[in-house]
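The structure appears right after this line, and notes come after that.
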Amino acid sequence: MRIGHGYDVHRLVEGRALILGGVDIPYVKGLEGHSDADVLVHAVMDSLLGAAALGDIGKLFPDNDDRYKGADSIELLKRVAEVLDENGFKVVNIDSTVCAQQPKLRPYIDSMRENIAKAAGIDINYVSVKATTEEHLGFTGEGLGISATAVCLIENK
């Protein structure tokens, strides 16, 4: 068994959709990035790749490669799950946290869990997504960006 950890952060900007866990969340700003900038799914992918010692999403999906411009991160997560499978691993569980002052994410958590579970090829009962604010402290608390962390457990098939 192997444990992985992932972290991602993106700046909030006007004129972009806010996508978290594959869910389009109504909000006045979205996350800036080469792909859809889904910080939650990016943290999950990095945790999975790290657990398998296969690098990170920058290695697998470089931000200077136009194939990934505007990419759907849930589709990228499906590819990460395939890479794990090709290397003899399967996902056991995923636990994640999104740090965002706004918007409130509780109404979207179950959909995020479902999207991540389906893409990773595991039951939704093995995927946890939590959301927290930072009590108006730091860049996330000031509403300048959103960050996410994830830990996972994988095992040999």
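Within each chain, counting starts at residue 1; across the structure tokens, chains are named A, B, ... in the order shown, with ligands numbered 1 upward in that order.
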>> Need the shell around segment 48-53 of chain A: protein/DNA/RNA residues with any atom at most 6 Å away, counting only C-alpha atoms. Skip same-chain ones fewer than 6 positions apart. Format as an NGL selection string?
In response: :A and (2-4)
>> Just list as a count of residues only whatever in segment 20-126 of chain A DSSP marks as strand (DSSP E).
In response: 17
>> Set the distance at 9 Å and use only C-alpha atoms: which residues neighbour Ile109 of chain A once local chain neighbours fewer than 2 positions away are removed? I'd like the list as an NGL selection string.
In response: :A and (21 or 105-107 or 111-114 or 128-131)
Show me, as a tab-separated table, the residues of segment 56-105 of chain A having an atom within 8 Å of segment 37-41 of chain A, each with the closest atom pair and its distance in Å, using only C-alpha atoms.
```
residue	atom	partner	partner_atom	distance
A:Ser73	CA	A:Val41	CA	6.3
A:Ile74	CA	A:Val41	CA	6.9
A:Leu77	CA	A:Val41	CA	7.1
A:Ser96	CA	A:Leu40	CA	7.5
A:Thr97	CA	A:Leu40	CA	7.7
A:Val98	CA	A:Leu40	CA	6.5
```
May I have the residues from that selection written out with all heavy atoms, as an mmCIF file, in the first residue's frame?
```cif
data_model
loop_
_atom_site.group_PDB
_atom_site.id
_atom_site.type_symbol
_atom_site.label_atom_id
_atom_site.label_comp_id
_atom_site.auth_asym_id
_atom_site.auth_seq_id
_atom_site.Cartn_x
_atom_site.Cartn_y
_atom_site.Cartn_z
ATOM 1 N N SER A 73 -10.529 18.560 -16.441
ATOM 2 C CA SER A 73 -9.689 17.851 -15.476
ATOM 3 C C SER A 73 -10.242 16.488 -15.087
ATOM 4 O O SER A 73 -9.477 15.592 -14.736
ATOM 5 C CB SER A 73 -9.463 18.720 -14.238
ATOM 6 O OG SER A 73 -8.692 19.848 -14.585
ATOM 7 N N ILE A 74 -11.541 16.310 -15.163
ATOM 8 C CA ILE A 74 -12.110 14.981 -14.886
ATOM 9 C C ILE A 74 -11.620 13.984 -15.939
ATOM 10 O O ILE A 74 -11.294 12.839 -15.619
ATOM 11 C CB ILE A 74 -13.656 15.030 -14.823
ATOM 12 C CG1 ILE A 74 -14.114 15.763 -13.552
ATOM 13 C CG2 ILE A 74 -14.265 13.635 -14.900
ATOM 14 C CD1 ILE A 74 -13.827 15.034 -12.240
ATOM 15 N N LEU A 77 -8.163 13.116 -15.005
ATOM 16 C CA LEU A 77 -8.165 12.169 -13.881
ATOM 17 C C LEU A 77 -8.416 10.744 -14.376
ATOM 18 O O LEU A 77 -7.803 9.795 -13.877
ATOM 19 C CB LEU A 77 -9.206 12.574 -12.833
ATOM 20 C CG LEU A 77 -9.385 11.628 -11.639
ATOM 21 C CD1 LEU A 77 -8.071 11.360 -10.908
ATOM 22 C CD2 LEU A 77 -10.449 12.205 -10.687
ATOM 23 N N SER A 96 -10.006 14.676 0.437
ATOM 24 C CA SER A 96 -9.588 15.986 -0.054
ATOM 25 C C SER A 96 -10.282 17.120 0.683
ATOM 26 O O SER A 96 -11.340 16.937 1.271
ATOM 27 C CB SER A 96 -9.872 16.086 -1.556
ATOM 28 O OG SER A 96 -11.259 15.912 -1.785
ATOM 29 N N THR A 97 -9.645 18.287 0.606
ATOM 30 C CA THR A 97 -10.189 19.500 1.208
ATOM 31 C C THR A 97 -9.986 20.667 0.256
ATOM 32 O O THR A 97 -8.886 20.853 -0.264
ATOM 33 C CB THR A 97 -9.492 19.823 2.547
ATOM 34 O OG1 THR A 97 -9.615 18.704 3.423
ATOM 35 C CG2 THR A 97 -10.101 21.049 3.207
ATOM 36 N N VAL A 98 -11.033 21.448 0.055
ATOM 37 C CA VAL A 98 -10.965 22.681 -0.732
ATOM 38 C C VAL A 98 -11.002 23.846 0.242
ATOM 39 O O VAL A 98 -11.858 23.899 1.130
ATOM 40 C CB VAL A 98 -12.158 22.797 -1.713
ATOM 41 C CG1 VAL A 98 -12.086 24.108 -2.487
ATOM 42 C CG2 VAL A 98 -12.219 21.612 -2.646
#
```
>> Considering only C-alpha atoms, can you say which of A:Ala119, A:Ala100, A:Leu12, A:Leu31 comes closest to Arg79 of chain A?
In response: A:Ala119
>> Can you tell me, as a ChimeraX atom specification, which residues in segment 26-115 of chain A count as helix (DSSP H, G or I) by DSSP?
In response: /A:39-51,57-60,66-68,73-86,106-115
> If we count only C-alpha atoms, what is near Asp8 of chain A at a cut-off of 7 Å, once residues fewer than 6 positions away on the same chain are taken out, given as a PyMOL selection string?
Replying inline: chain A and resi 39+42-43+147-149
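The residue that comes closest to Val91 of chain A, out of A:Ile154, A:Ala117, A:Val9, A:Ile57 and on the basis of only C-alpha atoms, is A:Ile154.
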>> Could you list, as a ChimeraX atom specification, every residue within 12 Å of Pro62 of chain A, counting only C-alpha atoms and ignoring same-chain residues fewer than 3 positions away?
In response: /A:33-35,55-59,65-69,71,76
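Coordinates place atom CA of Glu155 of chain A at a distance of 10.9 Å from atom CA of Asn87 of chain A.
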>> Which residues are near Gly121 of chain A? Cut-off 9 Å, only C-alpha atoms, ignore same chain within fewer than 6 positions. Put them as a ChimeraX atom specification.
In response: /A:78,81,90-91
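A straight line drawn from atom CA of Glu32 of chain A to atom CA of Thr133 of chain A is 19.6 Å long.
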> Got a sec: who's within 7 Å of Ala17 of chain A, counting only C-alpha atoms, leaving out chain neighbours fewer than 5 positions off, as a PyMOL selection string?
Replying inline: chain A and resi 24+29-31
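Distance check against Leu144 of chain A using only C-alpha atoms: of A:Leu18, A:Gly6, A:Gln102, A:Asp72, the minimum falls on A:Gln102.
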